[in-house]
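Trainee: TSV, C-alpha atoms, saved as query38.tsv, coming up:
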```tsv
chain	number	residue	atom	x	y	z
A	1	MET	CA	19.12	98.82	103.28
A	2	SER	CA	15.51	99.19	102.35
A	3	GLU	CA	13.84	96.27	104.07
A	4	SER	CA	10.36	97.04	105.29
A	5	LEU	CA	9.74	96.85	109.03
A	6	SER	CA	7.16	94.08	108.73
A	7	SER	CA	9.47	91.90	106.67
A	8	ILE	CA	12.22	92.35	109.23
A	9	PHE	CA	9.82	91.44	112.02
A	10	VAL	CA	8.40	88.29	110.43
A	11	GLY	CA	11.76	87.21	109.07
A	12	THR	CA	13.53	87.52	112.40
A	13	LEU	CA	10.69	86.03	114.40
A	14	LEU	CA	10.13	82.92	112.27
A	15	ALA	CA	12.32	82.30	109.24
A	16	ASN	CA	15.60	83.35	110.85
A	17	ASN	CA	14.60	82.58	114.41
A	18	PHE	CA	17.51	83.50	116.65
A	19	VAL	CA	17.64	80.21	118.48
A	20	LEU	CA	16.50	77.66	115.94
A	21	ALA	CA	18.03	78.99	112.76
A	22	MET	CA	20.93	81.16	113.87
A	23	PHE	CA	22.02	79.27	116.97
A	24	LEU	CA	22.12	82.32	119.19
A	25	GLY	CA	21.35	82.06	122.88
A	26	LEU	CA	21.53	78.30	123.16
A	27	CYS	CA	22.82	78.17	126.73
A	28	PRO	CA	19.66	79.59	128.34
A	29	PHE	CA	17.60	77.78	125.70
A	30	LEU	CA	18.86	74.44	126.98
A	31	GLY	CA	19.25	75.61	130.58
A	32	VAL	CA	15.99	77.27	131.61
A	33	SER	CA	13.58	75.57	129.26
A	34	ALA	CA	12.64	72.79	131.66
A	35	ARG	CA	9.54	74.54	133.06
A	36	LEU	CA	6.95	76.73	131.40
A	37	ASN	CA	6.59	79.20	134.27
A	38	THR	CA	10.26	80.20	134.24
A	39	ALA	CA	10.53	80.20	130.46
A	40	LEU	CA	8.22	83.18	129.96
A	41	PRO	CA	9.88	85.59	132.45
A	42	MET	CA	13.29	84.56	131.18
A	43	GLY	CA	12.20	85.34	127.64
A	44	ALA	CA	10.74	88.66	128.71
A	45	ALA	CA	13.88	89.66	130.63
A	46	THR	CA	16.07	88.74	127.67
A	47	THR	CA	13.84	90.64	125.26
A	48	PHE	CA	14.03	93.72	127.46
A	49	VAL	CA	17.82	93.54	127.62
A	50	MET	CA	17.93	93.03	123.86
A	51	VAL	CA	15.87	96.13	123.13
A	52	VAL	CA	17.86	98.27	125.57
A	53	ALA	CA	21.14	96.90	124.23
A	54	SER	CA	20.02	97.50	120.67
A	55	LEU	CA	19.15	101.15	121.36
A	56	CYS	CA	22.42	101.76	123.18
A	57	ALA	CA	24.38	99.95	120.50
A	58	PHE	CA	22.79	102.13	117.87
A	59	ALA	CA	23.88	105.29	119.69
A	60	LEU	CA	27.32	103.89	120.43
A	61	ASN	CA	27.88	102.83	116.85
A	62	TRP	CA	27.15	106.37	115.70
A	63	LEU	CA	29.54	107.77	118.31
A	64	VAL	CA	32.31	105.30	117.53
A	65	THR	CA	32.05	105.92	113.80
A	66	GLN	CA	32.05	109.67	114.42
A	67	PHE	CA	35.43	109.45	116.13
A	68	HIS	CA	36.82	106.76	113.80
A	69	MET	CA	37.39	104.30	116.59
A	70	GLU	CA	35.73	101.21	115.14
A	71	PHE	CA	38.10	98.94	117.02
A	72	LEU	CA	36.38	99.97	120.25
A	73	ARG	CA	32.95	98.91	119.00
A	74	LEU	CA	32.93	95.39	120.40
A	75	ILE	CA	34.30	96.42	123.78
A	76	SER	CA	31.79	99.24	124.21
A	77	TYR	CA	28.89	96.96	123.21
A	78	ILE	CA	29.77	94.41	125.83
A	79	VAL	CA	30.04	97.06	128.56
A	80	ILE	CA	26.60	98.43	127.66
A	81	ILE	CA	25.04	94.97	127.73
A	82	ALA	CA	26.58	94.17	131.09
A	83	SER	CA	25.12	97.38	132.53
A	84	ALA	CA	21.68	96.67	131.09
A	85	VAL	CA	21.68	93.21	132.64
A	86	GLN	CA	22.70	94.68	135.97
A	87	LEU	CA	19.68	96.99	135.73
A	88	VAL	CA	17.24	94.15	135.08
A	89	GLU	CA	18.78	92.14	137.89
A	90	MET	CA	18.34	94.97	140.41
A	91	PHE	CA	14.77	95.56	139.24
A	92	LEU	CA	13.79	91.90	139.59
A	93	LYS	CA	15.52	91.49	142.93
A	94	LYS	CA	13.49	94.35	144.34
A	95	ASN	CA	10.13	93.63	142.70
A	96	SER	CA	9.98	89.87	142.42
A	97	PRO	CA	12.41	87.98	144.66
A	98	THR	CA	10.76	84.61	143.87
A	99	LEU	CA	11.33	85.02	140.20
A	100	PHE	CA	14.84	86.28	140.90
A	101	ARG	CA	15.64	83.03	142.71
A	102	ALA	CA	13.97	80.85	140.08
A	103	LEU	CA	16.07	82.29	137.29
A	104	GLY	CA	19.20	81.97	139.41
A	105	ILE	CA	22.53	81.94	137.66
A	106	TYR	CA	20.91	82.34	134.24
A	107	LEU	CA	20.00	85.94	134.95
A	108	PRO	CA	23.54	87.36	135.16
A	109	LEU	CA	24.40	85.00	132.32
A	110	ILE	CA	22.20	87.08	129.99
A	111	THR	CA	25.37	89.17	129.67
A	112	THR	CA	27.04	86.26	127.95
A	113	ASN	CA	23.92	85.41	125.95
A	114	CYS	CA	25.07	85.49	122.36
A	115	ALA	CA	21.61	86.55	121.25
A	116	VAL	CA	21.95	89.93	122.95
A	117	LEU	CA	25.37	90.69	121.52
A	118	GLY	CA	24.18	89.13	118.28
A	119	VAL	CA	21.42	91.73	117.94
A	120	ALA	CA	23.93	94.53	118.37
A	121	LEU	CA	26.43	93.02	115.94
A	122	PHE	CA	23.96	92.03	113.23
A	123	GLN	CA	22.19	95.38	113.23
A	124	THR	CA	25.57	97.04	112.76
A	125	ALA	CA	26.60	94.63	110.02
A	126	ARG	CA	23.31	95.10	108.14
A	127	GLU	CA	23.38	98.87	108.60
A	128	TYR	CA	19.84	99.10	109.94
A	129	ASN	CA	18.45	102.53	110.73
A	130	PHE	CA	16.95	103.36	114.10
A	131	LEU	CA	13.44	101.99	113.51
A	132	GLN	CA	14.71	98.90	111.73
A	133	ALA	CA	17.09	98.17	114.60
A	134	LEU	CA	14.30	98.55	117.13
A	135	THR	CA	12.05	96.17	115.16
A	136	PHE	CA	14.90	93.72	114.74
A	137	ALA	CA	15.62	93.64	118.48
A	138	THR	CA	11.96	93.23	119.43
A	139	ALA	CA	11.42	90.44	116.90
A	140	GLY	CA	14.65	88.76	117.99
A	141	GLY	CA	13.53	88.79	121.60
A	142	ALA	CA	10.04	87.58	120.70
A	143	GLY	CA	11.56	84.78	118.63
A	144	PHE	CA	13.78	83.78	121.53
A	145	THR	CA	10.78	83.74	123.88
A	146	LEU	CA	8.76	81.71	121.38
A	147	ALA	CA	11.48	79.08	121.02
A	148	LEU	CA	11.93	78.93	124.78
A	149	LEU	CA	8.17	78.45	125.35
A	150	LEU	CA	7.84	75.74	122.70
A	151	MET	CA	10.80	73.88	124.11
A	152	ALA	CA	9.55	74.18	127.69
A	153	GLY	CA	6.14	72.85	126.64
A	154	LEU	CA	7.71	69.88	124.92
A	155	ARG	CA	9.96	69.11	127.84
A	156	GLU	CA	7.11	69.29	130.37
A	157	ARG	CA	5.22	66.71	128.33
A	158	LEU	CA	8.34	64.62	128.07
A	159	ASN	CA	8.52	64.29	131.85
A	160	PHE	CA	5.51	61.97	131.67
A	161	SER	CA	7.02	59.55	129.20
A	162	THR	CA	9.59	56.87	129.78
A	163	VAL	CA	12.86	57.54	128.05
A	164	PRO	CA	15.77	55.07	127.85
A	165	LYS	CA	18.52	56.07	130.24
A	166	VAL	CA	21.12	56.53	127.50
A	167	VAL	CA	19.09	59.21	125.75
A	168	GLN	CA	18.19	61.27	128.81
A	169	GLY	CA	19.60	64.74	129.36
A	170	THR	CA	21.24	67.05	126.88
A	171	ALA	CA	21.24	64.56	124.02
A	172	LEU	CA	17.45	64.39	124.07
A	173	SER	CA	17.08	68.17	124.37
A	174	LEU	CA	19.31	68.60	121.34
A	175	MET	CA	17.30	66.12	119.29
A	176	LEU	CA	14.10	67.97	120.28
A	177	ALA	CA	15.69	71.27	119.30
A	178	GLY	CA	16.65	69.70	115.99
A	179	LEU	CA	13.05	68.69	115.30
A	180	LEU	CA	11.79	72.15	116.25
A	181	SER	CA	14.40	73.68	114.00
A	182	LEU	CA	13.30	71.39	111.19
A	183	ALA	CA	9.74	72.58	111.69
A	184	PHE	CA	10.85	76.21	111.57
A	185	MET	CA	12.60	75.52	108.26
A	186	GLY	CA	9.11	75.52	106.84
A	187	PHE	CA	9.02	79.29	107.33
A	188	ALA	CA	12.07	79.77	105.10
A	189	GLY	CA	11.56	82.51	102.57
A	190	LEU	CA	9.18	84.49	104.75
A	191	GLY	CA	10.24	88.05	105.40
A	192	ALA	CA	13.74	89.45	105.17
A	193	GLY	CA	16.52	87.07	104.24
A	194	GLU	CA	20.07	86.92	105.48
B	1	MET	CA	39.33	71.27	138.29
B	2	ILE	CA	38.79	67.88	139.85
B	3	PRO	CA	38.02	68.25	143.55
B	4	GLY	CA	40.30	66.39	145.93
B	5	GLN	CA	43.25	66.68	143.59
B	6	LYS	CA	45.43	69.39	145.04
B	7	ASN	CA	48.28	69.69	142.54
B	8	PRO	CA	47.61	68.28	139.11
B	9	THR	CA	50.72	67.78	136.99
B	10	ASN	CA	51.21	69.74	133.80
B	11	MET	CA	50.22	66.74	131.73
B	12	GLU	CA	46.98	66.34	133.65
B	13	GLU	CA	46.22	70.03	133.24
B	14	PHE	CA	46.72	69.63	129.51
B	15	LEU	CA	44.67	66.48	129.12
B	16	GLU	CA	41.79	67.76	131.26
B	17	GLY	CA	40.44	69.92	128.48
B	18	ILE	CA	40.97	67.39	125.73
B	19	TRP	CA	39.25	64.44	127.30
B	20	LYS	CA	37.94	64.53	130.86
B	21	GLN	CA	36.36	67.99	130.69
B	22	ASN	CA	36.02	68.38	126.94
B	23	PRO	CA	34.15	71.67	126.52
B	24	VAL	CA	31.94	70.45	123.67
B	25	PHE	CA	31.09	66.89	124.61
B	26	VAL	CA	31.32	66.80	128.39
B	27	MET	CA	30.52	70.29	129.59
B	28	VAL	CA	28.32	71.26	126.61
B	29	LEU	CA	29.55	74.85	126.74
B	30	GLY	CA	29.95	77.38	123.98
B	31	MET	CA	27.16	75.86	121.94
B	32	CYS	CA	26.34	78.84	119.77
B	33	PRO	CA	29.54	78.99	117.70
B	34	THR	CA	29.82	75.21	117.91
B	35	LEU	CA	26.61	74.64	116.01
B	36	ALA	CA	26.54	77.72	113.81
B	37	VAL	CA	29.90	77.58	112.08
B	38	THR	CA	30.47	73.84	111.81
B	39	VAL	CA	29.00	73.41	108.34
B	40	SER	CA	32.44	72.45	107.07
B	41	ALA	CA	35.64	71.08	108.57
B	42	MET	CA	37.63	74.11	107.45
B	43	ASN	CA	35.31	76.56	109.21
B	44	ALA	CA	35.38	74.39	112.31
B	45	VAL	CA	39.18	74.41	112.49
B	46	SER	CA	39.43	78.17	111.90
B	47	MET	CA	36.86	78.86	114.59
B	48	GLY	CA	38.58	76.44	116.98
B	49	LEU	CA	41.97	78.03	116.50
B	50	ALA	CA	40.60	81.56	116.86
B	51	THR	CA	38.89	80.59	120.11
B	52	THR	CA	42.04	78.84	121.34
B	53	PHE	CA	44.09	81.98	120.73
B	54	VAL	CA	41.67	84.16	122.67
B	55	LEU	CA	41.43	81.58	125.45
B	56	VAL	CA	45.19	81.22	125.89
B	57	ALA	CA	45.97	84.93	125.64
B	58	SER	CA	43.26	86.03	128.05
B	59	CYS	CA	44.02	83.23	130.53
B	60	LEU	CA	47.69	84.28	130.53
B	61	LEU	CA	46.87	87.93	131.15
B	62	ILE	CA	44.25	87.18	133.78
B	63	SER	CA	46.58	84.78	135.54
B	64	LEU	CA	49.34	87.40	135.59
B	65	MET	CA	46.97	90.03	136.95
B	66	ARG	CA	45.09	87.76	139.31
B	67	ASN	CA	46.41	89.44	142.43
B	68	ILE	CA	45.72	93.03	141.41
B	69	ILE	CA	42.16	92.68	140.05
B	70	PRO	CA	39.67	93.70	142.77
B	71	LYS	CA	37.22	90.92	143.52
B	72	GLU	CA	34.09	93.05	143.03
B	73	VAL	CA	34.79	93.99	139.43
B	74	ARG	CA	36.54	90.82	138.34
B	75	ILE	CA	33.90	89.63	135.87
B	76	ALA	CA	33.77	93.01	134.14
B	77	THR	CA	37.57	93.05	133.96
B	78	TYR	CA	37.67	89.55	132.49
B	79	ILE	CA	35.13	90.46	129.84
B	80	LEU	CA	37.08	93.57	128.88
B	81	ILE	CA	40.30	91.56	128.57
B	82	ILE	CA	38.54	88.91	126.49
B	83	ALA	CA	36.88	91.53	124.28
B	84	THR	CA	40.28	93.10	123.61
B	85	PHE	CA	41.77	89.84	122.39
B	86	VAL	CA	38.70	89.07	120.31
B	87	THR	CA	39.09	92.41	118.56
B	88	VAL	CA	42.70	91.45	117.84
B	89	VAL	CA	41.64	88.09	116.40
B	90	ASP	CA	38.89	89.73	114.38
B	91	TYR	CA	41.35	92.04	112.61
B	92	LEU	CA	43.93	89.23	112.34
B	93	ILE	CA	41.59	86.86	110.50
B	94	GLN	CA	40.44	89.67	108.26
B	95	ALA	CA	44.08	90.29	107.32
B	96	ILE	CA	45.00	86.62	106.81
B	97	SER	CA	42.02	85.29	104.90
B	98	LEU	CA	39.01	87.26	103.80
B	99	ALA	CA	37.23	84.07	102.70
B	100	VAL	CA	37.36	82.60	106.20
B	101	TYR	CA	36.34	85.97	107.65
B	102	ASP	CA	33.25	86.07	105.45
B	103	ALA	CA	32.35	82.46	106.24
B	104	LEU	CA	32.54	82.95	110.01
B	105	GLY	CA	30.93	86.39	109.92
B	106	ALA	CA	29.72	87.82	113.21
B	107	PHE	CA	30.60	84.61	115.01
B	108	ILE	CA	34.23	85.71	115.38
B	109	GLN	CA	33.11	88.70	117.46
B	110	LEU	CA	30.70	86.47	119.31
B	111	ILE	CA	33.71	84.61	120.77
B	112	VAL	CA	33.47	87.27	123.51
B	113	VAL	CA	30.36	85.66	124.89
B	114	ASN	CA	31.63	82.10	124.59
B	115	CYS	CA	30.99	80.66	128.04
B	116	ILE	CA	34.11	78.49	127.88
B	117	ILE	CA	36.45	81.47	128.01
B	118	LEU	CA	34.74	83.30	130.84
B	119	GLY	CA	34.29	80.00	132.65
B	120	ARG	CA	37.97	79.17	132.42
B	121	ALA	CA	38.95	82.68	133.47
B	122	GLU	CA	36.74	82.56	136.55
B	123	ALA	CA	37.25	78.94	137.56
B	124	HIS	CA	40.87	78.39	136.69
B	125	ALA	CA	43.08	81.24	135.47
B	126	SER	CA	42.16	83.52	138.36
B	127	LYS	CA	43.55	81.01	140.85
B	128	THR	CA	46.51	79.48	139.04
B	129	PRO	CA	50.05	80.64	138.23
B	130	PRO	CA	50.62	81.62	134.56
B	131	VAL	CA	52.40	78.50	133.27
B	132	LYS	CA	49.74	76.09	134.47
B	133	ALA	CA	46.92	78.39	133.40
B	134	VAL	CA	48.34	78.55	129.87
B	135	ILE	CA	48.82	74.78	129.67
B	136	ASN	CA	45.25	74.24	130.80
B	137	ALA	CA	43.96	76.85	128.35
B	138	VAL	CA	45.82	75.23	125.45
B	139	GLY	CA	44.30	71.87	126.37
B	140	MET	CA	40.82	73.37	126.58
B	141	GLY	CA	41.26	75.17	123.28
B	142	LEU	CA	42.43	72.00	121.55
B	143	GLY	CA	39.58	70.05	123.09
B	144	PHE	CA	37.17	72.66	121.74
B	145	THR	CA	38.80	72.50	118.29
B	146	ILE	CA	38.57	68.70	118.26
B	147	GLY	CA	34.90	68.92	119.22
B	148	LEU	CA	34.21	71.41	116.45
B	149	LEU	CA	36.10	69.26	113.97
B	150	ALA	CA	34.10	66.20	114.96
B	151	LEU	CA	30.90	68.11	114.23
B	152	GLY	CA	32.11	69.96	111.14
B	153	GLY	CA	33.66	66.84	109.62
B	154	VAL	CA	30.50	64.76	109.98
B	155	ARG	CA	28.28	67.53	108.68
B	156	GLU	CA	30.52	68.20	105.69
B	157	ILE	CA	30.86	64.51	104.78
B	158	PHE	CA	27.12	63.88	104.86
B	159	GLY	CA	25.89	67.26	103.74
B	160	ALA	CA	28.28	67.92	100.89
B	161	GLY	CA	30.15	64.66	100.32
B	162	LYS	CA	33.44	66.41	100.96
B	163	LEU	CA	36.06	66.77	103.65
B	164	PHE	CA	38.18	69.95	103.78
B	165	GLY	CA	36.81	70.69	100.30
B	166	PHE	CA	38.00	67.42	98.72
B	167	SER	CA	35.28	65.33	97.16
B	168	LEU	CA	34.99	61.93	98.82
B	169	PHE	CA	32.32	59.99	97.00
B	170	GLY	CA	32.61	61.12	93.39
B	171	PRO	CA	30.13	63.12	91.35
B	172	ASP	CA	27.17	60.77	91.80
B	173	PHE	CA	26.86	61.48	95.51
B	174	GLN	CA	23.45	62.79	96.52
B	175	PRO	CA	24.12	65.25	99.36
B	176	TRP	CA	22.12	64.90	102.53
B	177	VAL	CA	21.31	68.59	102.60
B	178	VAL	CA	19.66	68.73	106.01
B	179	MET	CA	23.06	68.09	107.58
B	180	VAL	CA	24.44	71.49	106.57
B	181	LEU	CA	21.20	73.25	107.50
B	182	PRO	CA	20.54	74.34	111.10
B	183	PRO	CA	18.66	71.18	112.20
B	184	GLY	CA	21.65	69.08	111.17
B	185	GLY	CA	23.79	70.84	113.75
B	186	PHE	CA	21.43	69.85	116.55
B	187	PHE	CA	21.12	66.29	115.27
B	188	VAL	CA	24.85	65.65	114.85
B	189	LEU	CA	25.74	67.05	118.28
B	190	GLY	CA	22.89	65.06	119.81
B	191	ALA	CA	24.17	61.94	118.11
B	192	TRP	CA	27.71	62.47	119.39
B	193	LEU	CA	26.40	62.94	122.94
B	194	LEU	CA	24.32	59.78	122.56
B	195	LEU	CA	27.41	57.88	121.47
B	196	PHE	CA	29.39	59.08	124.50
B	197	ASN	CA	26.47	58.31	126.84
B	198	TRP	CA	26.29	54.81	125.38
B	199	ILE	CA	30.04	54.24	125.78
B	200	ASP	CA	29.84	55.48	129.36
B	201	SER	CA	26.91	53.24	130.22
B	202	ARG	CA	28.68	50.23	128.70
B	203	LYS	CA	31.77	51.00	130.76
B	204	ALA	CA	29.67	51.36	133.91
B	205	VAL	CA	28.10	47.94	133.32
B	206	LYS	CA	31.41	46.20	132.66
B	207	SER	CA	33.35	47.58	135.61
B	208	PRO	CA	31.30	49.34	138.27
B	209	LEU	CA	33.36	52.26	139.46
B	210	PRO	CA	34.24	52.45	143.16
B	211	LEU	CA	32.41	55.26	144.95
B	212	GLY	CA	34.00	58.65	144.82
B	213	GLU	CA	35.34	58.25	141.31
B	214	GLY	CA	33.91	59.41	138.02
```
Go through the file and emit its structure as structure tokens.
Mentor:
Amino acid sequence: MSESLSSIFVGTLLANNFVLAMFLGLCPFLGVSARLNTALPMGAATTFVMVVASLCAFALNWLVTQFHMEFLRLISYIVIIASAVQLVEMFLKKNSPTLFRALGIYLPLITTNCAVLGVALFQTAREYNFLQALTFATAGGAGFTLALLLMAGLRERLNFSTVPKVVQGTALSLMLAGLLSLAFMGFAGLGAGE
Amino acid sequence: MIPGQKNPTNMEEFLEGIWKQNPVFVMVLGMCPTLAVTVSAMNAVSMGLATTFVLVASCLLISLMRNIIPKEVRIATYILIIATFVTVVDYLIQAISLAVYDALGAFIQLIVVNCIILGRAEAHASKTPPVKAVINAVGMGLGFTIGLLALGGVREIFGAGKLFGFSLFGPDFQPWVVMVLPPGGFFVLGAWLLLFNWIDSRKAVKSPLPLGEG
């Protein structure tokens, strides 16, 4: 693979945005995007886990291939991600208890955030080298944060408008996400493709 | 499980996942694969069946081992069990049909992080004897497959004018391309939820439920 780093970055951040174009990490996207002030830390925490997971996955993939045990790849990835999440959780609990409480159940759920495992799996499937993988993970996390922030902004504004009862809740969030996704389609063709 | 109901019958366990607690439409869980792979009915069914297999197999194993798994490491154990079965499914699909494998791509391996499976393991299989756990898991899996089919069918009909690859409207059909693109997934699921909300609100108007139900 000879994609340039900048094309990977732009492509993953905008054209193939993890949330809006590849449907990864939708649970936290719909769950914690109600307020702007929790959206940013959540995005940052997820990005951190993504980068750590990506680095570990890169090393693990090399190890697993070395010993010809490819069938263990998925299992080892998930263990690494779970440990990384545990690390972030302990760090936040000690340094920012308020934030820890605000994120609540969604923090341990980063383990089951498809975006994190997605980074590890896609970088393996596309055979990225070390720097490419690092760029990919950072851009993926930034894209996730961007989508989360946009959505939170929209939903905060929405609180001030009257919405028919039938539409309230998840249905409305999904429609909003659809419109955002439609807007992001405009970036198609930028940067690295599929 | 429905609180207040101590011993649901097998039939109730089975139907819970299909209707009352449908993972796609009621609980809105496991969204990522739901939206990503449902560009056609065929993909939707393959994904649904793969998820059902993992769900049933891991629920059975977890239910059998529920008394020997230490409480502190239960989540990690569940994830390892689930990851094992997903690896099995991954190789299985690759062996059966390479076309389906290519179409689903990384989303087969992403079944590991499908919240439905971990949710069922934690909330149900870890507290229920094997037979009931399996029945419940089969119901959930079928409910998930039906949900995926409802999305994939609609998206394929509008977006490509086909259903399971058969042309429906003849050659003059102008496909509504946005339906098979990412935004279409959000729109169709949103529309289904709207429909169910509307049906619910109509029901509530016609016959107000007594307190404590619903």
Trainee: Skipping near chain neighbours, those fewer than 6 positions away, what residues fall within 12 Å of Val177 in chain B using all atoms listed in the file, listed as a PyMOL selection string?
Mentor: chain B and resi 39+155-161+183-185
Trainee: Find, counting all atoms listed in the file, the residue in B:Val178, B:Met11, B:Ala137, B:Cys32 that gets nearest to chain A.
Mentor: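 Counting all atoms listed in the file, the residue closest to chain A is B:Cys32.
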Trainee: Distance table requested - chain A against chain B, cut-off 10 Å, all atoms listed in the file: one row per qualifying residue with the closest atom pair and its distance in Å to one decimal, ordered by chain and rising residue number, as CSV.
Mentor:
```
residue,atom,partner,partner_atom,distance
A:Val19,CA,B:Cys32,CA,8.9
A:Leu20,CA,B:Pro182,CA,7.1
A:Ala21,CA,B:Pro182,CA,5.5
A:Met22,CA,B:Ala36,CA,6.6
A:Phe23,CA,B:Cys32,CA,5.2
A:Leu24,CA,B:Cys32,CA,5.5
A:Gly25,CA,B:Cys32,CA,6.7
A:Leu26,CA,B:Cys32,CA,5.9
A:Cys27,CA,B:Met31,CA,6.9
A:Leu30,CA,B:Met31,CA,9.8
A:Phe71,CA,B:Thr87,CA,6.8
A:Leu72,CA,B:Thr87,CA,8.2
A:Arg73,CA,B:Thr87,CA,9.0
A:Leu74,CA,B:Ala83,CA,6.7
A:Ile75,CA,B:Ala83,CA,5.6
A:Ser76,CA,B:Leu80,CA,9.1
A:Tyr77,CA,B:Ala83,CA,9.7
A:Ile78,CA,B:Ile79,CA,7.8
A:Val79,CA,B:Ala76,CA,7.8
A:Ala82,CA,B:Ala76,CA,7.9
A:Ser83,CA,B:Ala76,CA,9.8
A:Leu109,CA,B:Cys115,CA,9.0
A:Ile110,CA,B:Val113,CA,9.7
A:Thr111,CA,B:Val113,CA,7.8
A:Thr112,CA,B:Val113,CA,4.6
A:Asn113,CA,B:Val113,CA,6.5
A:Cys114,CA,B:Val113,CA,5.9
A:Ala115,CA,B:Cys32,CA,9.2
A:Val116,CA,B:Val113,CA,9.6
A:Leu117,CA,B:Leu110,CA,7.1
A:Gly118,CA,B:Leu110,CA,7.1
A:Leu121,CA,B:Ala106,CA,6.7
A:Phe122,CA,B:Ala106,CA,7.1
A:Ala125,CA,B:Ala106,CA,8.1
A:Lys165,CA,B:Ser201,CA,8.9
A:Val166,CA,B:Asn197,CA,5.7
A:Val167,CA,B:Leu194,CA,6.2
A:Gln168,CA,B:Leu194,CA,8.9
A:Gly169,CA,B:Leu193,CA,9.5
A:Thr170,CA,B:Gly190,CA,7.5
A:Ala171,CA,B:Gly190,CA,4.5
A:Leu172,CA,B:Gly190,CA,6.9
A:Ser173,CA,B:Gly190,CA,8.0
A:Leu174,CA,B:Gly190,CA,5.3
A:Met175,CA,B:Phe187,CA,5.5
A:Leu176,CA,B:Phe186,CA,8.4
A:Ala177,CA,B:Phe186,CA,6.5
A:Gly178,CA,B:Pro183,CA,4.5
A:Leu179,CA,B:Pro183,CA,6.9
A:Leu180,CA,B:Pro183,CA,8.0
A:Ser181,CA,B:Pro183,CA,5.3
A:Leu182,CA,B:Pro183,CA,5.5
A:Ala183,CA,B:Pro183,CA,9.0
A:Phe184,CA,B:Pro183,CA,9.3
A:Met185,CA,B:Pro183,CA,8.4
```
Trainee: Rounded to one decimal place, report the CA of Ala123 in chain B-CA of Thr77 in chain B distance in Å.
Mentor: 14.6 Å
Trainee: How many Å lie between CA of Lys71 in chain B and CA of Phe53 in chain B, rounded to one decimal?
Mentor: 25.4 Å
Trainee: Need to verify the contact set: Thr145 in chain A, 9 Å, all atoms listed in the file, exclusion of same-chain residues closer than 5 positions in sequence. Can you return it as number ranges by chain?
Mentor: A: 39-44, 46-47, 140, 150
